[in-house]
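Participant: Structure file start_39.cif, mmCIF, C-alpha atoms, is pasted below:
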data_coords
loop_
_atom_site.group_PDB
_atom_site.id
_atom_site.type_symbol
_atom_site.label_atom_id
_atom_site.label_comp_id
_atom_site.auth_asym_id
_atom_site.auth_seq_id
_atom_site.Cartn_x
_atom_site.Cartn_y
_atom_site.Cartn_z
ATOM 1 C CA MET A 1 -19.446 1.110 11.738
ATOM 2 C CA ARG A 2 -19.811 -1.179 8.731
ATOM 3 C CA ILE A 3 -16.836 -1.138 6.378
ATOM 4 C CA ALA A 4 -16.741 -2.770 2.935
ATOM 5 C CA VAL A 5 -13.132 -3.802 2.280
ATOM 6 C CA ILE A 6 -12.413 -4.227 -1.444
ATOM 7 C CA GLY A 7 -9.343 -6.309 -2.267
ATOM 8 C CA THR A 8 -8.901 -8.465 0.823
ATOM 9 C CA GLY A 9 -6.478 -10.788 -0.971
ATOM 10 C CA GLY A 10 -3.821 -8.100 -1.355
ATOM 11 C CA LEU A 11 -1.160 -6.873 1.043
ATOM 12 C CA VAL A 12 -3.178 -3.987 2.491
ATOM 13 C CA GLY A 13 -6.554 -5.717 2.323
ATOM 14 C CA SER A 14 -5.332 -8.733 4.253
ATOM 15 C CA ALA A 15 -3.656 -6.449 6.803
ATOM 16 C CA VAL A 16 -6.920 -4.535 7.249
ATOM 17 C CA MET A 17 -8.865 -7.730 7.917
ATOM 18 C CA ARG A 18 -6.198 -8.912 10.365
ATOM 19 C CA ARG A 19 -5.301 -5.697 12.170
ATOM 20 C CA TRP A 20 -8.172 -3.184 11.921
ATOM 21 C CA ASN A 21 -10.005 -4.035 15.123
ATOM 22 C CA ALA A 22 -6.768 -5.056 16.855
ATOM 23 C CA SER A 23 -5.315 -1.562 16.547
ATOM 24 C CA PRO A 24 -5.429 0.643 19.660
ATOM 25 C CA PRO A 25 -8.445 2.988 19.742
ATOM 26 C CA SER A 26 -7.706 6.471 18.491
ATOM 27 C CA GLU A 27 -8.564 9.702 20.246
ATOM 28 C CA THR A 28 -11.634 9.980 18.020
ATOM 29 C CA GLU A 29 -13.184 6.874 19.639
ATOM 30 C CA SER A 30 -14.671 6.282 23.060
ATOM 31 C CA PRO A 31 -13.825 3.181 25.122
ATOM 32 C CA SER A 32 -17.416 1.993 24.707
ATOM 33 C CA ASP A 33 -17.280 1.951 20.898
ATOM 34 C CA ARG A 34 -17.892 -1.524 19.476
ATOM 35 C CA PRO A 35 -15.471 -3.086 16.966
ATOM 36 C CA ASP A 36 -16.159 -2.160 13.373
ATOM 37 C CA GLU A 37 -17.931 -4.680 11.165
ATOM 38 C CA LEU A 38 -15.597 -5.545 8.296
ATOM 39 C CA VAL A 39 -17.156 -7.072 5.190
ATOM 40 C CA GLY A 40 -14.493 -8.339 2.803
ATOM 41 C CA PHE A 41 -14.697 -8.609 -0.985
ATOM 42 C CA ASP A 42 -12.291 -9.873 -3.623
ATOM 43 C CA LEU A 43 -11.959 -11.800 -6.868
ATOM 44 C CA PRO A 44 -13.330 -14.054 -8.178
ATOM 45 C CA GLU A 45 -16.623 -13.587 -6.305
ATOM 46 C CA PHE A 46 -16.447 -9.784 -6.387
ATOM 47 C CA ASP A 47 -15.108 -7.693 -9.257
ATOM 48 C CA ALA A 48 -14.816 -3.941 -8.683
ATOM 49 C CA ALA A 49 -14.731 -3.452 -12.458
ATOM 50 C CA SER A 50 -18.233 -4.946 -12.681
ATOM 51 C CA ARG A 51 -21.125 -2.565 -12.025
ATOM 52 C CA ILE A 52 -23.267 -5.545 -11.027
ATOM 53 C CA SER A 53 -20.790 -6.426 -8.276
ATOM 54 C CA THR A 54 -20.331 -2.910 -6.953
ATOM 55 C CA ASP A 55 -24.028 -2.040 -7.013
ATOM 56 C CA GLY A 56 -24.498 -4.996 -4.685
ATOM 57 C CA LEU A 57 -22.634 -2.996 -2.027
ATOM 58 C CA ILE A 58 -25.570 -0.607 -1.800
ATOM 59 C CA ASP A 59 -27.689 -3.359 -0.262
ATOM 60 C CA ILE A 60 -25.339 -3.866 2.699
ATOM 61 C CA ARG A 61 -25.435 -0.128 3.522
ATOM 62 C CA PRO A 62 -21.748 0.406 4.292
ATOM 63 C CA ASP A 63 -20.600 3.441 6.219
ATOM 64 C CA VAL A 64 -17.217 3.225 4.488
ATOM 65 C CA ILE A 65 -15.949 1.661 1.263
ATOM 66 C CA LEU A 66 -12.199 0.972 1.314
ATOM 67 C CA ASN A 67 -10.915 0.522 -2.238
ATOM 68 C CA LEU A 68 -7.684 -1.436 -1.861
ATOM 69 C CA ALA A 69 -7.942 -3.330 -5.165
ATOM 70 C CA SER A 70 -4.889 -2.780 -7.373
ATOM 71 C CA ILE A 71 -2.402 -4.536 -9.658
ATOM 72 C CA ASN A 72 1.082 -3.530 -8.533
ATOM 73 C CA LEU A 73 2.960 -4.979 -11.525
ATOM 74 C CA PRO A 74 4.215 -1.914 -13.440
ATOM 75 C CA ASP A 75 6.291 -3.783 -16.038
ATOM 76 C CA TRP A 76 3.500 -6.249 -16.830
ATOM 77 C CA LEU A 77 0.910 -3.489 -17.056
ATOM 78 C CA GLU A 78 2.934 -1.654 -19.716
ATOM 79 C CA THR A 79 1.740 -4.311 -22.166
ATOM 80 C CA HIS A 80 -1.699 -4.681 -20.555
ATOM 81 C CA PRO A 81 -2.995 -1.083 -20.403
ATOM 82 C CA ASN A 82 -6.651 -2.065 -20.780
ATOM 83 C CA THR A 83 -6.398 -4.316 -17.733
ATOM 84 C CA ALA A 84 -4.820 -1.498 -15.726
ATOM 85 C CA ARG A 85 -7.566 0.928 -16.731
ATOM 86 C CA THR A 86 -10.331 -1.565 -16.047
ATOM 87 C CA ILE A 87 -9.121 -2.546 -12.580
ATOM 88 C CA HIS A 88 -7.914 0.851 -11.401
ATOM 89 C CA VAL A 89 -10.101 3.455 -13.096
ATOM 90 C CA GLN A 90 -13.337 1.618 -13.854
ATOM 91 C CA GLY A 91 -13.193 0.008 -10.439
ATOM 92 C CA ALA A 92 -12.855 3.381 -8.707
ATOM 93 C CA ALA A 93 -15.678 4.852 -10.792
ATOM 94 C CA ASN A 94 -17.987 1.944 -9.951
ATOM 95 C CA LEU A 95 -17.217 2.199 -6.248
ATOM 96 C CA ARG A 96 -17.794 5.959 -6.402
ATOM 97 C CA HIS A 97 -21.292 5.237 -7.713
ATOM 98 C CA ALA A 98 -21.955 2.725 -4.941
ATOM 99 C CA ALA A 99 -20.658 5.160 -2.314
ATOM 100 C CA SER A 100 -22.815 8.003 -3.621
ATOM 101 C CA LYS A 101 -25.926 5.815 -3.549
ATOM 102 C CA SER A 102 -25.260 4.558 -0.023
ATOM 103 C CA GLY A 103 -23.795 7.770 1.405
ATOM 104 C CA ALA A 104 -20.607 5.943 2.386
ATOM 105 C CA LEU A 105 -17.175 7.483 2.744
ATOM 106 C CA LEU A 106 -15.074 6.331 -0.235
ATOM 107 C CA VAL A 107 -11.410 5.650 0.601
ATOM 108 C CA GLN A 108 -9.105 5.319 -2.399
ATOM 109 C CA LEU A 109 -5.514 4.110 -2.027
ATOM 110 C CA GLY A 110 -2.965 5.989 -4.151
ATOM 111 C CA CYS A 111 0.768 5.631 -4.745
ATOM 112 C CA GLY A 112 3.994 7.623 -4.971
ATOM 113 C CA GLU A 113 4.702 6.387 -8.505
ATOM 114 C CA ILE A 114 2.504 9.179 -9.870
ATOM 115 C CA PHE A 115 5.499 11.496 -9.284
ATOM 116 C CA TYR A 116 8.148 10.910 -11.950
ATOM 117 C CA HIS A 117 11.721 12.175 -11.757
ATOM 118 C CA GLU A 118 14.825 11.276 -13.732
ATOM 119 C CA GLU A 119 16.963 12.568 -10.871
ATOM 120 C CA ASP A 120 16.650 12.388 -7.090
ATOM 121 C CA ALA A 121 14.040 14.747 -5.611
ATOM 122 C CA PRO A 122 12.741 15.736 -2.162
ATOM 123 C CA PRO A 123 9.752 13.839 -0.769
ATOM 124 C CA HIS A 124 6.561 14.901 -2.492
ATOM 125 C CA THR A 125 3.784 16.839 -0.778
ATOM 126 C CA GLU A 126 0.093 16.696 -1.591
ATOM 127 C CA ASP A 127 0.456 20.037 -3.403
ATOM 128 C CA ASP A 128 3.075 18.764 -5.863
ATOM 129 C CA VAL A 129 1.850 18.268 -9.424
ATOM 130 C CA PRO A 130 1.870 14.592 -10.475
ATOM 131 C CA ASP A 131 3.640 13.568 -13.677
ATOM 132 C CA PRO A 132 2.898 9.852 -14.150
ATOM 133 C CA GLN A 133 4.801 8.076 -16.909
ATOM 134 C CA SER A 134 4.028 4.365 -16.565
ATOM 135 C CA VAL A 135 0.682 2.760 -17.326
ATOM 136 C CA TYR A 136 0.465 1.772 -13.659
ATOM 137 C CA ALA A 137 1.039 5.347 -12.457
ATOM 138 C CA VAL A 138 -1.273 6.957 -15.043
ATOM 139 C CA THR A 139 -4.174 4.668 -14.199
ATOM 140 C CA LYS A 140 -3.621 4.971 -10.439
ATOM 141 C CA LEU A 141 -3.793 8.766 -10.753
ATOM 142 C CA ASP A 142 -6.913 8.502 -12.922
ATOM 143 C CA ALA A 143 -8.431 6.291 -10.221
ATOM 144 C CA GLU A 144 -7.777 9.052 -7.678
ATOM 145 C CA ARG A 145 -9.492 11.534 -9.980
ATOM 146 C CA ALA A 146 -12.474 9.225 -10.450
ATOM 147 C CA ALA A 147 -12.868 8.843 -6.678
ATOM 148 C CA SER A 148 -12.471 12.578 -6.061
ATOM 149 C CA GLU A 149 -15.562 13.351 -8.173
ATOM 150 C CA TYR A 150 -17.562 12.187 -5.149
ATOM 151 C CA GLU A 151 -17.772 14.715 -2.310
ATOM 152 C CA ARG A 152 -17.163 12.244 0.550
ATOM 153 C CA HIS A 153 -13.829 10.897 -0.640
ATOM 154 C CA LEU A 154 -10.538 10.257 1.116
ATOM 155 C CA ILE A 155 -7.428 9.598 -0.968
ATOM 156 C CA VAL A 156 -4.445 8.135 0.887
ATOM 157 C CA ARG A 157 -1.133 7.841 -0.958
ATOM 158 C CA THR A 158 1.664 5.544 0.152
ATOM 159 C CA SER A 159 5.062 4.424 -1.160
ATOM 160 C CA ALA A 160 6.800 1.029 -1.021
ATOM 161 C CA LEU A 161 4.512 -0.891 1.305
ATOM 162 C CA PHE A 162 5.722 -4.105 2.895
ATOM 163 C CA GLY A 163 4.345 -6.728 5.246
ATOM 164 C CA THR A 164 2.854 -10.195 5.270
ATOM 165 C CA PRO A 165 1.761 -10.925 1.680
ATOM 166 C CA GLY A 166 -1.913 -11.522 0.993
ATOM 167 C CA ALA A 167 -3.248 -14.559 -0.833
ATOM 168 C CA GLN A 168 -3.397 -12.625 -4.104
ATOM 169 C CA GLY A 169 -0.543 -10.193 -3.495
ATOM 170 C CA SER A 170 2.127 -9.415 -6.092
ATOM 171 C CA GLY A 171 5.002 -9.262 -3.607
ATOM 172 C CA ASN A 172 6.903 -6.404 -2.001
ATOM 173 C CA LEU A 173 10.536 -5.463 -1.349
ATOM 174 C CA VAL A 174 10.905 -7.329 1.953
ATOM 175 C CA ASP A 175 9.106 -10.433 0.720
ATOM 176 C CA THR A 176 11.172 -10.433 -2.486
ATOM 177 C CA VAL A 177 14.487 -10.204 -0.619
ATOM 178 C CA LEU A 178 13.534 -12.982 1.808
ATOM 179 C CA LYS A 179 12.594 -15.203 -1.117
ATOM 180 C CA ALA A 180 15.811 -14.367 -2.946
ATOM 181 C CA VAL A 181 18.071 -15.564 -0.128
ATOM 182 C CA ARG A 182 16.951 -19.152 -0.747
ATOM 183 C CA ARG A 183 18.192 -18.970 -4.342
ATOM 184 C CA THR A 184 21.405 -17.001 -4.151
ATOM 185 C CA ARG A 185 23.883 -15.382 -1.784
ATOM 186 C CA LYS A 186 24.246 -12.344 -4.032
ATOM 187 C CA ILE A 187 21.039 -10.327 -4.378
ATOM 188 C CA GLU A 188 20.734 -7.439 -6.814
ATOM 189 C CA VAL A 189 18.609 -4.554 -5.568
ATOM 190 C CA LEU A 190 18.038 -1.042 -6.921
ATOM 191 C CA ASN A 191 20.263 1.624 -5.389
ATOM 192 C CA ASP A 192 19.362 4.711 -7.447
ATOM 193 C CA ILE A 193 15.768 5.340 -6.341
ATOM 194 C CA ARG A 194 14.341 6.552 -3.034
ATOM 195 C CA VAL A 195 11.121 5.329 -1.485
ATOM 196 C CA SER A 196 9.116 5.739 1.711
ATOM 197 C CA LEU A 197 9.292 2.168 3.020
ATOM 198 C CA THR A 198 6.046 1.745 4.962
ATOM 199 C CA ASP A 199 4.765 -1.095 7.137
ATOM 200 C CA ALA A 200 1.280 -2.129 5.979
ATOM 201 C CA ASP A 201 0.261 -2.496 9.641
ATOM 202 C CA ASP A 202 1.134 1.181 10.206
ATOM 203 C CA LEU A 203 -0.984 2.095 7.196
ATOM 204 C CA VAL A 204 -3.927 0.173 8.654
ATOM 205 C CA GLY A 205 -3.673 2.181 11.876
ATOM 206 C CA ALA A 206 -3.588 5.416 9.886
ATOM 207 C CA LEU A 207 -6.580 4.417 7.768
ATOM 208 C CA ARG A 208 -8.553 3.467 10.874
ATOM 209 C CA TYR A 209 -7.767 6.811 12.477
ATOM 210 C CA LEU A 210 -8.714 8.799 9.354
ATOM 211 C CA VAL A 211 -11.969 6.886 8.913
ATOM 212 C CA HIS A 212 -13.054 7.322 12.536
ATOM 213 C CA ALA A 213 -12.130 11.004 12.423
ATOM 214 C CA ASP A 214 -14.272 11.320 9.254
ATOM 215 C CA VAL A 215 -11.383 12.991 7.442
ATOM 216 C CA THR A 216 -11.808 13.727 3.737
ATOM 217 C CA GLY A 217 -9.474 15.011 1.036
ATOM 218 C CA LEU A 218 -5.924 13.977 0.142
ATOM 219 C CA TYR A 219 -3.255 12.753 2.565
ATOM 220 C CA HIS A 220 0.156 11.152 2.253
ATOM 221 C CA VAL A 221 0.849 8.418 4.808
ATOM 222 C CA ALA A 222 4.560 7.650 5.014
ATOM 223 C CA PRO A 223 7.459 7.458 7.491
ATOM 224 C CA PRO A 224 9.571 10.550 8.210
ATOM 225 C CA ASP A 225 12.598 9.071 6.417
ATOM 226 C CA SER A 226 13.248 7.718 2.925
ATOM 227 C CA VAL A 227 15.621 4.984 1.792
ATOM 228 C CA THR A 228 16.924 3.218 -1.297
ATOM 229 C CA PRO A 229 15.786 -0.387 -1.752
ATOM 230 C CA ALA A 230 19.420 -1.519 -1.571
ATOM 231 C CA GLU A 231 19.933 0.221 1.794
ATOM 232 C CA ALA A 232 16.777 -1.347 3.188
ATOM 233 C CA ALA A 233 17.727 -4.800 1.875
ATOM 234 C CA THR A 234 21.213 -4.546 3.398
ATOM 235 C CA PHE A 235 19.734 -3.614 6.771
ATOM 236 C CA LEU A 236 17.256 -6.490 6.512
ATOM 237 C CA LEU A 237 19.973 -9.094 5.914
ATOM 238 C CA GLU A 238 22.084 -7.714 8.744
ATOM 239 C CA ALA A 239 19.098 -7.786 11.111
ATOM 240 C CA CYS A 240 18.478 -11.408 10.122
ATOM 241 C CA GLY A 241 22.125 -12.334 10.720
ATOM 242 C CA LEU A 242 22.620 -13.446 7.112
ATOM 243 C CA ARG A 243 26.344 -12.684 7.000
ATOM 244 C CA ASN A 244 27.043 -14.969 4.060
ATOM 245 C CA HIS A 245 24.668 -13.060 1.814
ATOM 246 C CA ARG A 246 25.278 -9.655 0.310
ATOM 247 C CA ILE A 247 23.288 -6.992 -1.473
ATOM 248 C CA VAL A 248 24.638 -5.739 -4.795
ATOM 249 C CA GLY A 249 23.269 -2.330 -5.731
ATOM 250 C CA ILE A 250 22.230 -1.859 -9.347
ATOM 251 C CA THR A 251 20.806 1.057 -11.302
ATOM 252 C CA SER A 252 17.397 1.254 -12.895
ATOM 253 C CA ALA A 253 19.099 1.038 -16.295
ATOM 254 C CA GLU A 254 20.861 -2.169 -15.280
ATOM 255 C CA TYR A 255 17.618 -3.596 -13.948
ATOM 256 C CA GLY A 256 15.801 -2.919 -17.201
ATOM 257 C CA GLY A 257 12.039 -3.323 -17.209
ATOM 258 C CA LYS A 258 9.381 -1.965 -19.525
ATOM 259 C CA ALA A 259 7.845 0.637 -17.221
ATOM 260 C CA PRO A 260 9.462 4.060 -16.716
ATOM 261 C CA ARG A 261 10.811 4.123 -13.168
ATOM 262 C CA SER A 262 10.906 7.324 -11.098
ATOM 263 C CA ARG A 263 14.090 8.071 -9.158
ATOM 264 C CA SER A 264 11.953 9.220 -6.212
ATOM 265 C CA THR A 265 8.542 8.086 -5.012
ATOM 266 C CA ALA A 266 9.163 9.223 -1.426
ATOM 267 C CA LEU A 267 6.270 11.115 0.174
ATOM 268 C CA ASP A 268 6.081 13.975 2.666
ATOM 269 C CA ALA A 269 3.406 13.171 5.263
ATOM 270 C CA ALA A 270 3.510 16.444 7.221
ATOM 271 C CA ARG A 271 -0.197 17.088 6.552
ATOM 272 C CA TYR A 272 -1.109 13.734 8.101
ATOM 273 C CA ARG A 273 1.243 14.179 11.072
ATOM 274 C CA ALA A 274 -0.374 17.555 11.808
ATOM 275 C CA LEU A 275 -3.749 15.943 12.465
ATOM 276 C CA PRO A 276 -4.513 15.789 16.211
ATOM 277 C CA GLY A 277 -3.972 12.300 17.580
ATOM 278 C CA ALA A 278 -2.766 10.794 14.292
ATOM 279 C CA PRO A 279 -0.934 7.489 14.978
ATOM 280 C CA PRO A 280 2.775 7.789 14.108
ATOM 281 C CA ILE A 281 4.231 6.004 11.088
ATOM 282 C CA SER A 282 7.412 4.189 12.064
ATOM 283 C CA GLY A 283 10.761 4.983 10.471
ATOM 284 C CA TRP A 284 11.867 2.261 8.066
ATOM 285 C CA ARG A 285 14.475 0.731 10.397
ATOM 286 C CA GLU A 286 12.054 0.463 13.298
ATOM 287 C CA ALA A 287 9.384 -0.894 10.981
ATOM 288 C CA LEU A 288 11.662 -3.621 9.632
ATOM 289 C CA ARG A 289 12.764 -4.646 13.133
ATOM 290 C CA ARG A 290 9.137 -4.848 14.242
ATOM 291 C CA PHE A 291 8.246 -6.909 11.174
ATOM 292 C CA LEU A 292 10.975 -9.421 12.006
ATOM 293 C CA ASP A 293 9.844 -9.500 15.650
ATOM 294 C CA ARG A 294 6.293 -10.286 14.520
ATOM 295 C CA ARG A 295 7.543 -13.189 12.444
ATOM 296 C CA ALA A 296 9.623 -14.472 15.331
ATOM 297 C CA SER A 297 6.695 -14.223 17.769
ATOM 298 C CA LYS A 298 4.631 -16.417 15.455
ATOM 299 C CA ASN A 299 7.530 -18.851 15.006
ATOM 300 C CA ALA A 300 7.444 -18.029 11.309
ATOM 301 C CA PRO A 301 10.522 -19.284 9.433
ATOM 302 C CA LEU A 302 12.854 -16.681 8.019
ATOM 303 C CA LEU A 303 12.588 -18.265 4.614
ATOM 304 C CA PRO A 304 9.373 -19.081 2.772
ATOM 305 C CA LYS A 305 7.652 -22.383 3.502
ATOM 306 C CA GLY A 306 9.524 -25.364 2.167
ATOM 307 C CA GLU A 307 13.000 -23.856 2.694
ATOM 308 C CA ASN A 308 14.899 -24.467 5.910
ATOM 309 C CA LYS A 309 18.468 -23.815 4.869
ATOM 310 C CA ILE A 310 20.261 -20.540 4.168
#
Please express the file's structure as structure tokens.
Facilitator:
Amino acid sequence: MRIAVIGTGGLVGSAVMRRWNASPPSETESPSDRPDELVGFDLPEFDAASRISTDGLIDIRPDVILNLASINLPDWLETHPNTARTIHVQGAANLRHAASKSGALLVQLGCGEIFYHEEDAPPHTEDDVPDPQSVYAVTKLDAERAASEYERHLIVRTSALFGTPGAQGSGNLVDTVLKAVRRTRKIEVLNDIRVSLTDADDLVGALRYLVHADVTGLYHVAPPDSVTPAEAATFLLEACGLRNHRIVGITSAEYGGKAPRSRSTALDAARYRALPGAPPISGWREALRRFLDRRASKNAPLLPKGENKI
């Protein structure tokens, strides 16, 4: 199977290139199946917002187009709405055209931020009606809609991904906390929102399963439990043995920021879990422990390169 991976410099794209063929075969594959052929694309050589770039995908005849290109900077995008619309919506529309011409399955990555609440709320199902408020959320939902105009589409929503940052990634909760410990012993983290903290490696396994099972439609991929960023950050420091550091919980109002922030972006993944043979998505505690074990196995320093003191 030939898979065009759009956005290989990001968190998910880099995880796909690293982990896709290393993941255990799913029940939809036979032991004799060959590894998939991954063809990666990213800026500056490839621009999903350019029809010239995306039409070039037709020539390689992909079986699947994974659209993982996104700008996950909600506050910055509030003052750059045209950029958000170009990257998210125009990019999805261009890739839809390429998929329709090549007959490929189009996979579009969505997000939990499309659900806005001023108070805490239960995890969202695929049947819940989105109510995006930020530029980021509005354009991500419009990208879903653009992709869904093509019959062979698969939309996968996630919330609060973490993992090894890509070359062009914008950071994530775990990466941000680990960087913060080199600057201060008191780290302020939001404590009034709930998310579905998801390991990017788990997402890769889910995407691989869904693609090989030729699943279409809309699915949430998330762990069975939700957490506040402050709770997750506290657990992370404790697991790292950073006893001289502490997490200080703050509210969204105290944090500030230009983009409206939902009190709950947690997702209900019951529809995904009901699929036969679907790989499990780890709970957030297990996922964080496994992430730290991966770093330790590669002799990766706890702190970012250039810092060796806590």
Participant: Write out as CSV a residue-level contact list of range 62-169 of chain A versus range 211-224 of chain A with cut-off 6 Å: for each qualifying residue the closest pair of atoms and the distance in Å to one decimal, counting only C-alpha atoms, rows sorted by chain and residue number upward.
Facilitator:
residue,atom,partner,partner_atom,distance
A:His153,CA,A:Thr216,CA,5.6
A:Leu154,CA,A:Thr216,CA,4.5
A:Ile155,CA,A:Leu218,CA,4.8
A:Val156,CA,A:Tyr219,CA,5.1
A:Arg157,CA,A:His220,CA,4.8
A:Thr158,CA,A:Val221,CA,5.5
Participant: What is the distance, in Å and to one decimal place, between CA of Gly205 in chain A and CA of Ala160 in chain A?
Facilitator: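 Between CA of Gly205 in chain A and CA of Ala160 in chain A the gap is 16.7 Å.
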Participant: From the list A:Leu109, A:Ala98, A:Ala259, A:Ala206, which residue is nearest Arg51 in chain A when using all atoms listed in the file?
Facilitator: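 With all atoms listed in the file as the atom set, the closest residue is A:Ala98.
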Participant: Could you list, as a ChimeraX atom specification, every residue within 10 Å of Leu242 in chain A, counting only C-alpha atoms and ignoring same-chain residues fewer than 5 positions away?
Facilitator: /A:181,185,234,236-237,310
Participant: Please determine, counting only C-alpha atoms, which residue among A:Lys140, A:Arg183, A:Arg271, A:Arg152 has the shortest atom-to-atom distance to Arg85 in chain A.
Facilitator: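 Residue with the minimum atom-to-atom distance to Arg85 in chain A: A:Lys140.
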Participant: Using only C-alpha atoms, which residues sit within 12 Å of Cys240 in chain A once same-chain residues fewer than 3 positions away are excluded, as a PyMOL selection string?
Facilitator: chain A and resi 174+177-178+181+233-237+243-245+288-289+291-293+295-296+301-303+310
Participant: Just how far from CA of Ala48 in chain A is CA of Met17 in chain A, in Å to one decimal?
Facilitator: 18.0 Å
Participant: Calculated over all atoms listed in the file, which of the candidates A:Gly40, A:Gly249, A:Pro229, A:Gly56 has the smallest distance to Ser264 in chain A?
Facilitator: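 The answer is A:Pro229, which sits nearest to Ser264 in chain A.
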Participant: Would you pick out the contacts of range 161-163 of chain A at 8 Å or less, using only C-alpha atoms, so that residues sharing its chain but fewer than 3 positions from it are not included, and give the list as a list in words?
Facilitator: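 Here the qualifying residues turn out to be Leu11, Thr158, Asn172, Leu173, Val174, Asp175, Leu197, Thr198, Asp199, Ala200, Asp201 and Phe291 of chain A.
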Participant: Quick one: residues within 7 Å of Ile247 in chain A, all atoms listed in the file counted, chain neighbours fewer than 6 positions away excluded, as a list in words?
Facilitator: Lys186, Ile187, Glu188, Val189, Ala230, Ala233 and Thr234 of chain A
Participant: Please provide the set of residues having any atom within 12 Å of Trp76 in chain A, restricted to all atoms listed in the file, with same-chain residues fewer than 3 positions apart removed, written as a PyMOL selection string.
Facilitator: chain A and resi 71-73+79-84+134-136+170+257-260
Participant: Which protein, DNA or RNA residues have an atom at most 7 Å from (14.4, 4.3, 2.8), counting all atoms listed in the file? List them as number ranges by chain.
Facilitator: A: 194-197, 225-229, 231-232, 284
Participant: Which of these, A:Ala266, A:Thr54, A:Ala253, A:Val5, has the shortest distance to Phe115 in chain A once you count all atoms listed in the file?
Facilitator: A:Ala266
Participant: Could you tell me how far CA of Leu43 in chain A sits from CA of Ala15 in chain A, in Å to one decimal place?
Facilitator: 16.9 Å
Participant: Translate the PyMOL selection byres ((chain A and resi 20) around 12), as applied to the file shown, into an explicit residue set as a PyMOL selection string.
Facilitator: chain A and resi 3+5+12-19+21-26+35-39+200-209+211-212
Participant: Keeping C-alpha atoms for every residue in the selection just given, could you write it to a file as an mmCIF file, in the frame of the given file?
Facilitator:
data_model
loop_
_atom_site.group_PDB
_atom_site.id
_atom_site.type_symbol
_atom_site.label_atom_id
_atom_site.label_comp_id
_atom_site.auth_asym_id
_atom_site.auth_seq_id
_atom_site.Cartn_x
_atom_site.Cartn_y
_atom_site.Cartn_z
ATOM 1 C CA ILE A 3 -16.836 -1.138 6.378
ATOM 2 C CA VAL A 5 -13.132 -3.802 2.280
ATOM 3 C CA VAL A 12 -3.178 -3.987 2.491
ATOM 4 C CA GLY A 13 -6.554 -5.717 2.323
ATOM 5 C CA SER A 14 -5.332 -8.733 4.253
ATOM 6 C CA ALA A 15 -3.656 -6.449 6.803
ATOM 7 C CA VAL A 16 -6.920 -4.535 7.249
ATOM 8 C CA MET A 17 -8.865 -7.730 7.917
ATOM 9 C CA ARG A 18 -6.198 -8.912 10.365
ATOM 10 C CA ARG A 19 -5.301 -5.697 12.170
ATOM 11 C CA ASN A 21 -10.005 -4.035 15.123
ATOM 12 C CA ALA A 22 -6.768 -5.056 16.855
ATOM 13 C CA SER A 23 -5.315 -1.562 16.547
ATOM 14 C CA PRO A 24 -5.429 0.643 19.660
ATOM 15 C CA PRO A 25 -8.445 2.988 19.742
ATOM 16 C CA SER A 26 -7.706 6.471 18.491
ATOM 17 C CA PRO A 35 -15.471 -3.086 16.966
ATOM 18 C CA ASP A 36 -16.159 -2.160 13.373
ATOM 19 C CA GLU A 37 -17.931 -4.680 11.165
ATOM 20 C CA LEU A 38 -15.597 -5.545 8.296
ATOM 21 C CA VAL A 39 -17.156 -7.072 5.190
ATOM 22 C CA ALA A 200 1.280 -2.129 5.979
ATOM 23 C CA ASP A 201 0.261 -2.496 9.641
ATOM 24 C CA ASP A 202 1.134 1.181 10.206
ATOM 25 C CA LEU A 203 -0.984 2.095 7.196
ATOM 26 C CA VAL A 204 -3.927 0.173 8.654
ATOM 27 C CA GLY A 205 -3.673 2.181 11.876
ATOM 28 C CA ALA A 206 -3.588 5.416 9.886
ATOM 29 C CA LEU A 207 -6.580 4.417 7.768
ATOM 30 C CA ARG A 208 -8.553 3.467 10.874
ATOM 31 C CA TYR A 209 -7.767 6.811 12.477
ATOM 32 C CA VAL A 211 -11.969 6.886 8.913
ATOM 33 C CA HIS A 212 -13.054 7.322 12.536
#
Participant: Nearest to Ser53 in chain A: which of A:His124, A:Arg246, A:His97, A:Arg182 is it, counting only C-alpha atoms?
Facilitator: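 Closest to Ser53 in chain A of all the choices is A:His97.
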Participant: Taking into account only C-alpha atoms, which residue in the set A:Arg294, A:His88, A:His117, A:Arg34 is nearest to Ile193 in chain A?
Facilitator: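 Going through A:Arg294, A:His88, A:His117, A:Arg34 one by one, the smallest distance to Ile193 in chain A is for A:His117.
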